[in-house]
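The data block below is model-v2.txt; it holds compact mmCIF, C-alpha atoms and all ligand atoms.
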# COMPACT_ATOMS: atom_id res chain seq x y z
CA MET Q 1 149.65 47.53 83.04
CA THR Q 2 151.82 50.12 84.79
CA GLY Q 3 151.33 52.67 87.53
CA PHE Q 4 150.87 50.41 90.59
CA PHE Q 5 153.45 50.92 93.29
CA TRP Q 6 153.65 47.46 94.80
CA GLN Q 7 157.43 46.90 94.58
CA TYR Q 8 159.00 46.66 98.05
CA ASN Q 9 161.21 49.68 98.69
CA GLU Q 10 164.50 48.07 99.67
CA MET Q 11 166.36 51.38 99.50
CA LYS Q 12 164.58 52.46 102.69
CA GLN Q 13 166.65 50.77 105.41
CA VAL Q 14 164.83 48.81 108.07
CA GLY Q 15 166.30 48.37 111.54
CA ALA Q 16 169.87 49.70 111.72
CA ASP Q 17 170.27 52.66 109.41
CA TYR Q 18 173.71 53.47 107.97
CA SER Q 19 172.76 56.95 106.85
CA THR Q 20 175.97 58.64 107.99
CA LEU Q 21 179.63 57.73 107.56
CA SER Q 22 180.12 57.73 111.33
CA GLU Q 23 177.41 55.03 111.70
CA VAL Q 24 179.29 52.98 109.12
CA GLU Q 25 182.54 53.43 111.05
CA VAL Q 26 180.82 52.35 114.28
CA TYR Q 27 179.48 49.23 112.51
CA ASP Q 28 182.96 48.40 111.19
CA GLU Q 29 184.55 48.83 114.65
CA GLN Q 30 181.84 46.73 116.34
CA MET Q 31 182.26 43.93 113.82
CA ALA Q 32 186.05 44.00 114.14
CA LYS Q 33 185.66 43.46 117.90
CA LEU Q 34 182.94 40.84 117.73
CA ARG Q 35 183.98 38.72 114.77
CA ASP Q 36 187.16 37.14 113.52
CA ILE Q 37 186.37 38.43 110.04
CA LYS Q 38 189.69 37.30 108.54
CA GLN Q 39 189.07 33.72 109.64
CA GLU Q 40 185.38 33.83 108.61
CA THR Q 41 186.40 35.02 105.16
CA GLU Q 42 189.09 32.40 104.78
CA ASN Q 43 186.62 29.68 105.81
CA ILE Q 44 184.07 30.82 103.24
CA ILE Q 45 186.62 31.04 100.41
CA ASN Q 46 187.81 27.52 101.21
CA LEU Q 47 184.32 26.11 101.74
CA LEU Q 48 183.17 27.42 98.35
CA ASN Q 49 186.46 26.59 96.67
CA ILE Q 50 186.69 30.05 95.11
CA GLY Q 51 189.48 30.25 92.56
CA SER Q 52 191.33 32.77 90.37
CA GLY Q 53 188.92 32.39 87.43
CA ASP Q 54 185.74 33.02 89.41
CA THR Q 55 183.43 36.02 89.40
CA VAL Q 56 181.81 36.58 92.79
CA ALA Q 57 178.81 38.83 93.49
CA GLU Q 58 178.15 39.97 97.03
CA PHE Q 59 174.81 41.43 98.17
CA GLY Q 60 174.88 43.65 101.25
CA THR Q 61 178.62 44.06 101.03
CA GLY Q 62 178.67 46.51 103.95
CA THR Q 63 182.12 47.82 104.81
CA GLY Q 64 183.66 45.53 102.19
CA GLU Q 65 185.73 43.19 104.37
CA PHE Q 66 184.72 40.07 102.47
CA ALA Q 67 184.77 41.79 99.07
CA SER Q 68 188.37 43.01 99.58
CA ALA Q 69 189.57 39.63 100.79
CA VAL Q 70 187.91 37.56 98.08
CA ALA Q 71 188.97 40.02 95.35
CA GLN Q 72 192.57 38.99 96.00
CA ARG Q 73 191.65 35.36 95.28
CA CYS Q 74 189.27 35.60 92.31
CA LYS Q 75 188.90 37.29 88.92
CA LYS Q 76 186.28 39.90 89.77
CA VAL Q 77 183.92 40.93 92.57
CA ILE Q 78 180.59 42.66 92.08
CA ALA Q 79 179.85 44.40 95.39
CA ILE Q 80 176.23 45.48 95.84
CA ASP Q 81 174.68 47.47 98.67
CA VAL Q 82 171.72 49.80 99.09
CA SER Q 83 173.77 52.13 101.29
CA ALA Q 84 175.87 54.73 99.47
CA ASN Q 85 177.84 55.31 102.69
CA MET Q 86 178.70 51.64 103.11
CA LEU Q 87 179.85 51.50 99.47
CA GLU Q 88 181.96 54.62 99.79
CA TYR Q 89 183.62 53.26 102.93
CA ALA Q 90 184.22 49.86 101.27
CA LYS Q 91 185.64 51.55 98.16
CA GLN Q 92 188.10 53.64 100.19
CA LYS Q 93 189.17 50.54 102.09
CA SER Q 94 189.86 48.52 98.94
CA ASN Q 95 191.66 51.44 97.24
CA LYS Q 96 193.98 51.74 100.26
CA LYS Q 97 194.79 48.04 99.84
CA GLY Q 98 195.51 48.55 96.12
CA ILE Q 99 192.61 46.29 95.07
CA HIS Q 100 191.05 47.24 91.73
CA ASN Q 101 188.92 44.29 90.60
CA ILE Q 102 185.80 45.21 92.60
CA ASP Q 103 182.85 46.69 90.76
CA PHE Q 104 180.77 48.65 93.33
CA ASN Q 105 177.03 49.01 92.67
CA GLN Q 106 174.42 50.89 94.64
CA GLY Q 107 171.32 48.70 94.60
CA GLY Q 108 169.97 45.65 96.29
CA PHE Q 109 168.56 42.14 96.02
CA LEU Q 110 165.48 43.46 94.23
CA THR Q 111 166.90 46.30 92.16
CA TYR Q 112 170.43 45.36 91.06
CA GLN Q 113 170.33 44.71 87.31
CA HIS Q 114 172.92 42.17 86.28
CA SER Q 115 174.39 42.44 82.79
CA GLY Q 116 177.25 40.61 81.14
CA GLU Q 117 178.38 37.09 81.99
CA LEU Q 118 176.60 35.02 84.60
CA VAL Q 119 178.51 34.71 87.87
CA ASP Q 120 180.11 31.68 89.56
CA VAL Q 121 179.28 32.53 93.16
CA VAL Q 122 176.77 34.77 94.96
CA ILE Q 123 177.36 35.44 98.62
CA THR Q 124 175.41 37.40 101.17
CA GLN Q 125 176.04 37.79 104.89
CA LEU Q 126 173.68 39.33 107.44
CA ALA Q 127 171.65 41.15 104.78
CA LEU Q 128 168.78 39.01 103.44
CA HIS Q 129 166.82 39.44 106.69
CA HIS Q 130 166.25 43.07 105.64
CA LEU Q 131 163.55 41.78 103.27
CA PRO Q 132 160.12 40.38 104.24
CA ASP Q 133 159.70 36.71 103.30
CA PHE Q 134 157.86 37.12 100.00
CA TRP Q 135 160.57 39.51 98.83
CA LYS Q 136 163.28 37.14 100.04
CA MET Q 137 161.85 34.62 97.61
CA ILE Q 138 161.92 37.13 94.76
CA ALA Q 139 165.52 38.00 95.72
CA LEU Q 140 166.49 34.30 95.64
CA LYS Q 141 164.87 33.83 92.22
CA ARG Q 142 166.78 36.86 90.90
CA ILE Q 143 170.03 35.43 92.32
CA PHE Q 144 169.24 32.06 90.69
CA ASN Q 145 168.96 33.83 87.32
CA MET Q 146 172.32 35.60 87.61
CA LEU Q 147 174.25 32.39 88.47
CA LYS Q 148 175.92 30.10 85.95
CA GLU Q 149 174.64 26.52 85.70
CA ASP Q 150 176.30 24.80 88.66
CA GLY Q 151 176.86 28.20 90.33
CA THR Q 152 176.93 28.47 94.12
CA LEU Q 153 174.92 30.60 96.53
CA TYR Q 154 176.24 31.12 100.06
CA ILE Q 155 174.00 32.72 102.68
CA ARG Q 156 174.89 33.53 106.26
CA ASP Q 157 172.13 35.32 108.08
CA THR Q 158 169.98 35.54 111.17
CA VAL Q 159 167.45 32.72 110.83
CA TYR Q 160 165.52 31.41 113.84
CA SER Q 161 165.96 27.74 114.72
CA PHE Q 162 165.14 27.90 118.47
CA ASP Q 163 162.07 26.35 120.13
CA MET Q 164 159.29 28.73 119.01
CA ASN Q 165 157.11 27.80 122.03
CA ASN Q 166 159.60 29.68 124.19
CA TYR Q 167 160.33 32.67 121.99
CA GLN Q 168 160.02 35.25 124.79
CA HIS Q 169 162.54 33.40 126.89
CA PHE Q 170 164.87 33.00 123.90
CA PHE Q 171 164.82 36.69 122.91
CA ASN Q 172 165.23 37.89 126.53
CA ARG Q 173 168.18 35.57 127.10
CA TRP Q 174 169.81 36.51 123.76
CA ILE Q 175 169.57 40.23 124.60
CA SER Q 176 170.80 39.86 128.19
CA GLU Q 177 173.73 37.71 127.07
CA THR Q 178 174.62 40.28 124.38
CA LEU Q 179 174.48 43.00 127.05
CA ILE Q 180 177.01 41.12 129.16
CA SER Q 181 179.33 40.04 126.33
CA ALA Q 182 179.17 43.05 123.98
CA GLY Q 183 177.59 46.01 125.80
CA LYS Q 184 174.48 48.16 125.72
CA GLU Q 185 174.73 49.40 122.14
CA LEU Q 186 174.80 45.93 120.63
CA ALA Q 187 172.08 44.67 122.94
CA ARG Q 188 169.93 47.58 121.65
CA ASP Q 189 170.77 46.53 118.07
CA VAL Q 190 169.55 43.00 118.80
CA GLU Q 191 166.29 44.41 120.25
CA THR Q 192 165.81 46.56 117.15
CA ALA Q 193 166.57 43.65 114.83
CA VAL Q 194 164.04 41.35 116.54
CA ARG Q 195 161.38 44.07 116.60
CA GLU Q 196 161.82 45.66 113.16
CA GLU Q 197 163.76 43.39 110.80
CA PHE Q 198 162.54 40.23 109.04
CA SER Q 199 164.60 37.28 110.26
CA THR Q 200 162.62 34.19 109.35
CA CYS Q 201 162.32 30.59 110.60
CA ASP Q 202 164.64 27.79 109.47
CA TRP Q 203 161.85 25.82 107.77
CA ILE Q 204 160.62 28.90 105.88
CA MET Q 205 164.12 29.73 104.67
CA GLU Q 206 164.70 26.18 103.44
CA GLY Q 207 161.33 26.30 101.65
CA LEU Q 208 162.16 29.62 100.01
CA LEU Q 209 165.51 28.33 98.76
CA LYS Q 210 163.95 25.19 97.28
CA HIS Q 211 161.09 27.17 95.78
CA ALA Q 212 163.59 29.47 94.06
CA GLY Q 213 165.14 26.39 92.42
CA PHE Q 214 168.18 25.83 94.64
CA LYS Q 215 169.46 22.55 95.94
CA ILE Q 216 170.70 22.94 99.54
CA HIS Q 217 174.06 21.19 99.88
CA LYS Q 218 174.99 22.25 103.36
CA VAL Q 219 173.08 23.88 106.17
CA GLU Q 220 174.22 24.81 109.67
CA TYR Q 221 172.21 26.38 112.47
CA ASP Q 222 174.09 28.03 115.32
CA GLN Q 223 172.91 29.39 118.71
CA GLY Q 224 169.27 29.39 117.59
CA PHE Q 225 169.61 32.60 115.55
CA LEU Q 226 172.40 32.18 112.99
CA ALA Q 227 172.36 30.05 109.86
CA GLN Q 228 174.55 29.32 106.88
CA TYR Q 229 173.51 27.67 103.64
CA VAL Q 230 175.55 26.47 100.69
CA CYS Q 231 173.26 26.00 97.71
CA LYS Q 232 173.75 24.99 94.10
CA LYS Q 233 171.87 25.99 91.02
CA ASP Q 234 172.08 22.48 89.53
CA GLN Q 235 170.80 19.20 90.90
CA GLY Q 236 174.17 17.41 90.96
CA ASP Q 237 176.51 16.72 93.90
CA MET Q 238 179.12 19.19 95.07
C1 LIG Q 301 174.36 44.03 108.93
S1 LIG Q 301 175.10 44.67 107.50
C2 LIG Q 301 176.12 43.30 106.95
C3 LIG Q 301 177.32 43.77 106.17
C4 LIG Q 301 178.32 42.69 105.79
N1 LIG Q 301 177.77 41.75 104.85
C5 LIG Q 301 178.83 41.98 107.01
O1 LIG Q 301 178.75 40.74 107.07
O2 LIG Q 301 179.33 42.65 107.92
C6 LIG Q 301 173.76 44.62 106.34
C7 LIG Q 301 174.11 45.28 105.01
O3 LIG Q 301 173.06 44.97 104.08
C8 LIG Q 301 172.72 46.16 103.38
N2 LIG Q 301 171.34 45.98 102.88
C9 LIG Q 301 170.17 46.20 103.52
N3 LIG Q 301 169.13 45.90 102.72
C10 LIG Q 301 169.66 45.48 101.55
C11 LIG Q 301 169.10 45.04 100.31
N4 LIG Q 301 167.78 44.98 100.12
N5 LIG Q 301 169.92 44.69 99.30
C12 LIG Q 301 171.29 44.75 99.49
N6 LIG Q 301 171.87 45.17 100.62
C13 LIG Q 301 171.07 45.53 101.64
C14 LIG Q 301 172.92 47.26 104.39
O4 LIG Q 301 173.09 48.53 103.78
C15 LIG Q 301 174.19 46.79 105.09
O5 LIG Q 301 175.35 47.22 104.43

Please render this file's structure as structure tokens.
Ligand SMILES: C[S@@+](CC[C@H](N)C(=O)[O-])C[C@H]1O[C@@H](n2cnc3c(N)ncnc32)[C@H](O)[C@@H]1O
Amino acid sequence: MTGFFWQYNEMKQVGADYSTLSEVEVYDEQMAKLRDIKQETENIINLLNIGSGDTVAEFGTGTGEFASAVAQRCKKVIAIDVSANMLEYAKQKSNKKGIHNIDFNQGGFLTYQHSGELVDVVITQLALHHLPDFWKMIALKRIFNMLKEDGTLYIRDTVYSFDMNNYQHFFNRWISETLISAGKELARDVETAVREEFSTCDWIMEGLLKHAGFKIHKVEYDQGFLAQYVCKKDQGDM
């Protein structure tokens, strides 16, 4: 039966909206100040043991920092993002660096249609929380289906692992600390993210991953709001 419009519209951004190139530039500058992206990228490449024969797909590629770095260490990168502006910015960045093995795709966790060979690694950073929980599970199932047997999924995202009895205290402290360390604009972004985006709880996220068929090989929770997961499609050891 067709004609029912129940599919979640992931193309409509929730929370921060990168609808202009200047917003994308601001995001890139903020991240460059806040994060040691080079080191983060290096850590992920080493952790996942990404090599020259691997195909890596990245969902929510953003300004393309990770995509450009990993492209120099693997066979091919499939960079996926719902934002045309983010993709354009990422494309310009990789062209300037003379990198030509990135395939840029406008789409998302729920709409990207994979064709061709299955991929070795799927990675996503700070993007999955844009989907409500049910749709996260659908996204994870879709990722499972595009991975090779023994393929790896790496997720780094905002996931809540703090004491939920004291959530008001936690959110207020997080925002006031961000205000002191990173300024008003970023503190506002945290407020917006808590209010309008869909960061979930640690136990829900682990359940969603297992339900989608993944085996969780490594999990780390940091500061009560950040998490990383290394998951495998198969049931063997890493
Ligand atoms: C906070 S940024 C993170 C960008 C980059 N991964 C990083 O670590 O800096 C979130 C990105 O996810 C993208 N995004 C939002 N919803 C998405 C979806 N459903 N599927 C794929 N990408 C999505 C946004 O356009 C944005 O580029």

Which residues of range 38-74 of chain Q come within 12 Å of range 155-174 of chain Q, and what is each one's closest atom pair and distance in Å (one decimal), counting all atoms listed in the file, sorted by chain and residue number, as a Markdown table?
| residue | atom | partner | partner_atom | distance |
| --- | --- | --- | --- | --- |
| Q:Glu40 | CA | Q:Arg156 | CA | 10.8 |
| Q:Thr41 | CA | Q:Arg156 | CA | 11.7 |
| Q:Ile44 | CA | Q:Arg156 | CA | 10.0 |
| Q:Leu48 | CA | Q:Ile155 | CA | 11.4 |
| Q:Glu58 | CA | Q:Ile155 | CA | 10.1 |
| Q:Phe59 | CA | Q:Ile155 | CA | 9.8 |
| Q:Gly60 | CA | Q:Ile155 | CA | 11.1 |

Could you tell me how far CA of Glu149 in chain Q sits from CA of Thr63 in chain Q, in Å to one decimal place?
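If I compute the distance from CA of Thr63 in chain Q to CA of Glu149 in chain Q, I get 29.6 Å.
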
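Between CA of Thr124 in chain Q and atom O2 of ligand LIG 301 (chain Q) there is a distance of 9.4 Å.
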
Determine, for each residue of chain Q having at least one atom at most 9 Å from an atom of ligand LIG 301 (chain Q), the closest pair of atoms and their separation in Å to one decimal, counting all atoms listed in the file; order by chain and ascending number, as CSV.
residue,atom,partner,partner_atom,distance
Q:Asn9,CA,Q:LIG301,N4,8.2
Q:Glu10,CA,Q:LIG301,N4,4.5
Q:Met11,CA,Q:LIG301,N4,6.6
Q:Lys12,CA,Q:LIG301,N3,8.0
Q:Gln13,CA,Q:LIG301,C9,6.1
Q:Val14,CA,Q:LIG301,N3,7.5
Q:Ala16,CA,Q:LIG301,C1,7.8
Q:Asp17,CA,Q:LIG301,O4,7.5
Q:Tyr18,CA,Q:LIG301,O4,6.5
Q:Ser19,CA,Q:LIG301,O4,9.0
Q:Val24,CA,Q:LIG301,O5,8.4
Q:Tyr27,CA,Q:LIG301,O2,8.0
Q:Asp28,CA,Q:LIG301,O2,7.5
Q:Met31,CA,Q:LIG301,O2,6.7
Q:Ile37,CA,Q:LIG301,O2,8.5
Q:Glu58,CA,Q:LIG301,N1,8.0
Q:Phe59,CA,Q:LIG301,C12,5.0
Q:Gly60,CA,Q:LIG301,N6,3.4
Q:Thr61,CA,Q:LIG301,N1,4.5
Q:Gly62,CA,Q:LIG301,O5,3.4
Q:Thr63,CA,Q:LIG301,C3,6.4
Q:Gly64,CA,Q:LIG301,C4,7.0
Q:Glu65,CA,Q:LIG301,O2,7.3
Q:Phe66,CA,Q:LIG301,N1,7.5
Q:Ile80,CA,Q:LIG301,C12,6.2
Q:Asp81,CA,Q:LIG301,N6,4.1
Q:Val82,CA,Q:LIG301,N6,4.9
Q:Ser83,CA,Q:LIG301,O4,4.4
Q:Ala84,CA,Q:LIG301,O4,8.0
Q:Asn85,CA,Q:LIG301,O4,8.3
Q:Met86,CA,Q:LIG301,O5,5.7
Q:Leu87,CA,Q:LIG301,O5,7.9
Q:Gln106,CA,Q:LIG301,C12,8.4
Q:Gly107,CA,Q:LIG301,C12,6.3
Q:Gly108,CA,Q:LIG301,N5,3.2
Q:Phe109,CA,Q:LIG301,N5,4.4
Q:Leu110,CA,Q:LIG301,N4,6.5
Q:Thr111,CA,Q:LIG301,N5,7.9
Q:Tyr112,CA,Q:LIG301,N5,8.3
Q:Ile123,CA,Q:LIG301,N1,8.9
Q:Thr124,CA,Q:LIG301,N1,6.2
Q:Gln125,CA,Q:LIG301,N1,4.3
Q:Leu126,CA,Q:LIG301,C2,4.7
Q:Ala127,CA,Q:LIG301,O3,4.1
Q:Leu128,CA,Q:LIG301,C10,6.8
Q:His129,CA,Q:LIG301,N3,7.9
Q:His130,CA,Q:LIG301,N3,5.0
Q:Leu131,CA,Q:LIG301,N4,6.2
Q:Ala139,CA,Q:LIG301,N4,8.6
Q:Arg156,CA,Q:LIG301,O1,8.2
Q:Asp157,CA,Q:LIG301,O1,8.6

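CA of Gln72 in chain Q lies 11.5 Å from CA of Glu42 in chain Q.
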
Closest of Q:Ser115, Q:Ser22, Q:Thr55, Q:Ser199 to Ile102 in chain Q - atom-to-atom distances counting only C-alpha atoms
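Between Q:Ser115, Q:Ser22, Q:Thr55, Q:Ser199, the residue approaching Ile102 in chain Q most closely is Q:Thr55.
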
Nearest to Val119 in chain Q: which of Q:His211, Q:Arg35, Q:Lys75, Q:Lys97 is it, counting only C-alpha atoms?
Q:Lys75

For Glu185 in chain Q, work out the shell of residues within 12 Å, counting all atoms listed in the file and skipping chain neighbours fewer than 5 positions away, then give it as a tab-separated table (two decimals) with C-alpha atoms, in the coordinates of the input.
chain	number	residue	atom	x	y	z
Q	16	ALA	CA	169.87	49.70	111.72
Q	26	VAL	CA	180.82	52.35	114.28
Q	27	TYR	CA	179.48	49.23	112.51
Q	30	GLN	CA	181.84	46.73	116.34
Q	175	ILE	CA	169.57	40.23	124.60
Q	176	SER	CA	170.80	39.86	128.19
Q	178	THR	CA	174.62	40.28	124.38
Q	179	LEU	CA	174.48	43.00	127.05
Q	180	ILE	CA	177.01	41.12	129.16
Q	190	VAL	CA	169.55	43.00	118.80
Q	191	GLU	CA	166.29	44.41	120.25
Q	192	THR	CA	165.81	46.56	117.15

For Arg142 in chain Q, which of Q:Gly213, Q:Asp189, Q:Cys74, Q:Ala90 is the closest residue, counting all atoms listed in the file?
Q:Gly213

File contents for range 154-165 of chain Q with all heavy atoms as a tab-separated table (two decimals), in the first residue's frame:
chain	number	residue	atom	x	y	z
Q	154	TYR	N	31.70	2.62	13.65
Q	154	TYR	CA	32.20	3.48	14.72
Q	154	TYR	C	31.23	4.65	14.89
Q	154	TYR	O	30.91	5.35	13.92
Q	154	TYR	CB	33.59	4.02	14.36
Q	154	TYR	CG	34.11	5.03	15.37
Q	154	TYR	CD1	34.78	4.62	16.52
Q	154	TYR	CD2	33.90	6.40	15.19
Q	154	TYR	CE1	35.24	5.54	17.46
Q	154	TYR	CE2	34.35	7.32	16.12
Q	154	TYR	CZ	35.02	6.89	17.25
Q	154	TYR	OH	35.47	7.80	18.18
Q	155	ILE	N	30.77	4.83	16.12
Q	155	ILE	CA	29.88	5.97	16.41
Q	155	ILE	C	30.49	6.80	17.52
Q	155	ILE	O	30.92	6.27	18.55
Q	155	ILE	CB	28.50	5.48	16.92
Q	155	ILE	CG1	27.83	4.60	15.88
Q	155	ILE	CG2	27.60	6.67	17.27
Q	155	ILE	CD1	26.50	4.02	16.37
Q	156	ARG	N	30.54	8.10	17.30
Q	156	ARG	CA	30.86	9.04	18.39
Q	156	ARG	C	29.72	10.05	18.39
Q	156	ARG	O	29.44	10.66	17.35
Q	156	ARG	CB	32.20	9.69	18.13
Q	156	ARG	CG	32.61	10.69	19.17
Q	156	ARG	CD	34.13	10.84	19.17
Q	156	ARG	NE	34.52	11.93	20.02
Q	156	ARG	CZ	34.73	13.17	19.59
Q	156	ARG	NH1	34.62	13.46	18.31
Q	156	ARG	NH2	35.08	14.11	20.43
Q	157	ASP	N	29.07	10.18	19.53
Q	157	ASP	CA	27.89	11.04	19.53
Q	157	ASP	C	27.56	11.49	20.95
Q	157	ASP	O	28.13	10.97	21.92
Q	157	ASP	CB	26.69	10.27	18.94
Q	157	ASP	CG	25.63	11.21	18.39
Q	157	ASP	OD1	25.83	12.44	18.39
Q	157	ASP	OD2	24.59	10.72	17.95
Q	158	THR	N	26.63	12.44	21.05
Q	158	THR	CA	26.15	12.81	22.37
Q	158	THR	C	25.13	11.76	22.80
Q	158	THR	O	24.11	11.55	22.16
Q	158	THR	CB	25.48	14.20	22.36
Q	158	THR	OG1	24.62	14.28	21.22
Q	158	THR	CG2	26.48	15.32	22.29
Q	159	VAL	N	25.49	11.07	23.88
Q	159	VAL	CA	24.64	10.05	24.49
Q	159	VAL	C	24.73	10.30	26.00
Q	159	VAL	O	25.82	10.51	26.52
Q	159	VAL	CB	25.17	8.63	24.15
Q	159	VAL	CG1	24.37	7.57	24.91
Q	159	VAL	CG2	25.11	8.36	22.65
Q	160	TYR	N	23.59	10.29	26.68
Q	160	TYR	CA	23.60	10.67	28.10
Q	160	TYR	C	23.90	9.47	29.00
Q	160	TYR	O	23.22	8.45	28.94
Q	160	TYR	CB	22.24	11.27	28.48
Q	160	TYR	CG	21.90	12.53	27.72
Q	160	TYR	CD1	20.58	12.83	27.39
Q	160	TYR	CD2	22.89	13.43	27.34
Q	160	TYR	CE1	20.25	13.99	26.70
Q	160	TYR	CE2	22.57	14.60	26.66
Q	160	TYR	CZ	21.26	14.87	26.33
Q	160	TYR	OH	20.94	16.02	25.65
Q	161	SER	N	24.93	9.65	29.84
Q	161	SER	CA	25.28	8.59	30.78
Q	161	SER	C	25.35	9.14	32.22
Q	161	SER	O	25.84	8.47	33.11
Q	161	SER	CB	26.63	7.96	30.40
Q	161	SER	OG	27.64	8.94	30.40
Q	162	PHE	N	24.84	10.36	32.42
Q	162	PHE	CA	24.89	10.97	33.77
Q	162	PHE	C	23.74	10.41	34.63
Q	162	PHE	O	22.87	9.69	34.12
Q	162	PHE	CB	24.80	12.49	33.68
Q	162	PHE	CG	23.61	12.99	32.90
Q	162	PHE	CD1	22.36	13.09	33.50
Q	162	PHE	CD2	23.73	13.34	31.56
Q	162	PHE	CE1	21.25	13.53	32.79
Q	162	PHE	CE2	22.62	13.79	30.84
Q	162	PHE	CZ	21.39	13.88	31.46
Q	163	ASP	N	23.74	10.79	35.90
Q	163	ASP	CA	22.69	10.34	36.83
Q	163	ASP	C	21.38	11.06	36.47
Q	163	ASP	O	21.25	12.26	36.68
Q	163	ASP	CB	23.14	10.68	38.26
Q	163	ASP	CG	22.04	10.40	39.27
Q	163	ASP	OD1	21.00	9.80	38.90
Q	163	ASP	OD2	22.21	10.82	40.44
Q	164	MET	N	20.42	10.30	35.92
Q	164	MET	CA	19.19	10.90	35.39
Q	164	MET	C	18.31	11.52	36.49
Q	164	MET	O	17.42	12.32	36.21
Q	164	MET	CB	18.35	9.86	34.62
Q	164	MET	CG	19.13	9.12	33.56
Q	164	MET	SD	19.39	10.00	32.02
Q	164	MET	CE	20.91	9.29	31.42
Q	165	ASN	N	18.54	11.15	37.77
Q	165	ASN	CA	17.78	11.76	38.86
Q	165	ASN	C	18.12	13.24	39.02
Q	165	ASN	O	17.35	14.00	39.59
Q	165	ASN	CB	18.07	11.05	40.18
Q	165	ASN	CG	17.52	9.65	40.17
Q	165	ASN	OD1	16.40	9.43	39.70
Q	165	ASN	ND2	18.31	8.69	40.62
